[in-house]
Amino acid sequence: MGAVFKKELRGYFTGFTGYILLAVMLVMMGIYTMIYCLSYQYSAFEFVYGNTVFVLMLFVPILTMRMFAEEKKQGTDRLLYSLPLKMSDIIIGKYLASLVVLGIPCLFAGIYPLILSKFGNMNFKLIYVTMLGFFLLGAALTAVCMFISLLTENQIVAAIVSFVVLLLNYFMNNLTGYVPSTLFASTVILVILVIIVGLVVWAVTKNAVLADIVAIALMLALIVIRLVKAELIQGILPKILNKIELFEQFFNIVYGSLEISTIVLYLSVIVLFCVMSVQVLERRRWA
Amino acid sequence: MIEVRNLTRKYGDYTAVDSISFDIEDGRIYGFLGPNGAGKSTTMNIITGCLAATSGTVSVNGFDIFEEPIKAKKCIGYLPEIPPLYPDMTPLEYLKFVGSAKGMKKAQLNEAIPVVMEKTGISDVADKLIKNLSKGYKQRVGIAQAILGNPQVVILDEPTVGLDPKQIVEIRNLIRELGENHTVILSSHILPEVSEVCDEIIIISNGEIVASDTAENLINKFNPSTITEIIIKGDVEKAAEAVAELDEVKEVEIDDSATDGTAKLVVTSDCDIREALAEIFMHNGILAISMNLSKASLEDIFLEVTSENLHMLTGAAPVKKDAPADSGEVDEIQKDNVNELYEETSEEGDE
């Protein structure tokens with residue numbers, strides 16, 4: 001794992017990618033620090049993190065797009081497979097390296113409030129919790145985009161799909177209002193979702209039996225809930241969507257309400273997508 | 001060292017490797033020989049754990065590659081067909097990465113890397129970026145990576161493809177050197193390479209092993225005949241009759257296409273009969289101005305055992321059941337292979 005981590009981190013900084021990503025993020029953070037803290041003389045530095053969070057929508061897809069496409073192109077994926085490395089070593093090594101690139105601007109901007117505190121009162125607790133939230137949000141998005149880039153094996157496709165997924169997540173708050181919440185519509189959409197989950201399981205594992213079992217089990221659960229407690233299904237979609245809005249949860253932190261469920265959500269997303277990536281990499285040898 | 005049992009690999013309906021079994025013993029150089037698309041690379045990729053098998057087992061040093069991949073992979077150094085290099089690294093950085101991924105400590109690396117670089121002759125370019133190196137040097141860096149950490153088995157997939165003749169000779173010498181301390185498996189579709197370097201040859205065609213033995217045994221087994229070419233001045237018919245009376249002679253052919261008053265007799269026999277021939281000619285007053293002995297070459301054997309492909313070229317034999325649907329394309333590819341084969345061998349002859 002250490003070897004892959006070092007190699008990957010070096011990879012970011014032998015080309016321009018790492019430097020450009022760092023520069024863009026720091027410039028954006030600098031601009032917002034200028035506007036908020038210096039021009040308007042607000043002491044609420046957490047809003048600098050809150051306002052630069054949209055940069056992650058570009059930062060993360062570019063961070064992850066070349067992770068696997070490059071290896072495939074150079075034929076070095078063969079090397080990684082033939083070396084005595086576990087698949088999890090490869091995934092975690094690469095993931096941690098990208099987290100370092102993400103973490104550097106977060107930490108660097110953490111110096112600003114220390115300087116600014118010379119000129120006014122800063123709420124350090126809130127600021128640094130927000131910084132941690134920013135990093136965790138970025139880490140969760142990175143895990144999602146790493147998974148996407150592993151699926152496509154083409155840098156450009158990986159970057160665009162990742163960007164669209166993050167964009168949808170960013171605007172989900174506005175979109176949930178249009179999601180139907182009647183019992184009938186919810187049931188239909190849930191059935192479609194179950195089928196999609198089955199197809200995804202099949203595509204990822206190439207195991208038709210497993211995919212069937214998963215789909216049938218979910219379908220049965222759905223029928224049981226529909227018969228026993230129909231009100232659970234009614235309006236469930238907007239509720240689910242609201243719960244998995246990664247960006248929206250971060251804004252709650254910025255406004256001063258840190259919920260344990262937010263941290264749990266971020267960590268679950270990270271673990272889930274890392275585990276799925278390991279599975280996909282493992283399965284790749286069967287393709 | 002390596003045991004392969006009933007290994008099968010399918011891509012959809014196409015069977016790339018069809019239930020092959022073989023053993024690799026310690027301290028020898030093995031050559032996988034076969035036309036492109038025969039299943040050489042697929043087999044190597046499975047042995048090294050890069051690819052999963054549809055069925056069958058591979059055990060390396062007693063470790064199953066599918067059950068205990070880490071332990072098995074520690075015994076193997078692998079150079080795939082395309083050297084797996086990071087163009088933005090220097091060979092030194094690259095070898096450090098591979099070494100530490102192989103679980104070597106820093107002190108071990110500092111000791112082993114210069115040795116490996118010396119062996120593969122890349123010490124001069126240790127600090128150049130890999131992307132600026134020539135194909136030959138890239139191949140050497142790839143080999144250096146494979147032998148780093150002294151694995152018991154070194155597997156090289158077509159190590160000389162795309163190199164110039166001088167580099168080919170150098171890499172072959174390197175492989176021979178490696179054979180002294182390692183078990184080496186290399187694949188090639190170039191005959192002289194395999195017959196020159198390898199102790200043992202495994203010929204693969206259409207995903208099956210069609211022959212496996214030492215070069216000498218292969219020749220004896222598949223074509224034990226000896227061919228003697230004699231150039232006769234004078235009565236060639238009489239000479240042919242006299243020669244045909246010998247017990248060992250199986251076939252006599254007359255080739256009188258030459259216009260300078262000579263004719264050629266091509267005599268097929270079980271063993272070397274030159275002495276007997278000389279005596280006959282002397283007794284019968286036949287003027288033989290040259291006698292040439294030739295054994296069947298490995299090339300003949302190769303063409304014989306992979307003749308299924310040749311039949312496919314001419315369209316004489318039915319297409320094999322597992323061949324992909326677009327067999328027209330396959331024909332094309334294999335035609336190229338055979339041409340390539342001839343080209344390579346004739347080139348070799350010139351050297």
# chains A, B, ... in the order shown; residues from 1 in each chain; ligands from 1
>>> closest_atom_pairs(of="chain B", to="chain A", cutoff="6 Å", atoms="only C-alpha atoms", output="CSV")
residue,atom,partner,partner_atom,distance
B:Thr48,CA,A:Ser82,CA,5.6
B:Gly49,CA,A:Ser82,CA,5.8
B:Cys50,CA,A:Tyr81,CA,5.1
B:Leu51,CA,A:Arg285,CA,4.6
B:Ala52,CA,A:Trp286,CA,5.3
B:Ile70,CA,A:Pro84,CA,4.7
B:Lys73,CA,A:Pro84,CA,5.1
B:Lys74,CA,A:Pro84,CA,5.7
B:Pro84,CA,A:Thr76,CA,4.3
B:Phe97,CA,A:Ala3,CA,5.8
B:Ser100,CA,A:Ala3,CA,5.7
B:Ala101,CA,A:Ala3,CA,5.3
B:Lys102,CA,A:Pro84,CA,5.8
>>> residues_around(residues="region 33-42 of chain B", least_positions_apart="3", cutoff="7 Å", atoms="only C-alpha atoms", output="PyMOL selection string")
chain B and resi 16-17+45-46+157+187-189+201-207+337
>>> select_by_dssp(residues="region 94-265 of chain B", states="strand (DSSP E or B)", output="MDAnalysis selection string")
chainID B and resid 153:157 183:188 200:205 208:213 226:233 249:255 262:265
>>> residues_around(residues="Thr33 (chain A)", least_positions_apart="4", cutoff="12 Å", atoms="only C-alpha atoms", output="list in words")
Leu26, Val27, Met28, Met29, Cys37, Leu38, Ser39, Tyr40, Gln41, Tyr42, Ser43, Ala44, Phe45, Glu46, Phe47, Val48, Tyr49, Gly50, Asn51, Thr52, Ala109, Gly110, Ile111, Tyr112, Pro113, Ile115 and Leu116 of chain A
>>> residues_around(residues="Leu218 (chain A)", least_positions_apart="6", cutoff="10 Å", atoms="only C-alpha atoms", output="ChimeraX atom specification")
/A:190-191,193-195,197-198,212,224
>>> residues_around(residues="Ala159 (chain A)", least_positions_apart="5", cutoff="7 Å", atoms="only C-alpha atoms", output="list in words")
Pro61, Ile62 and Met65 of chain A
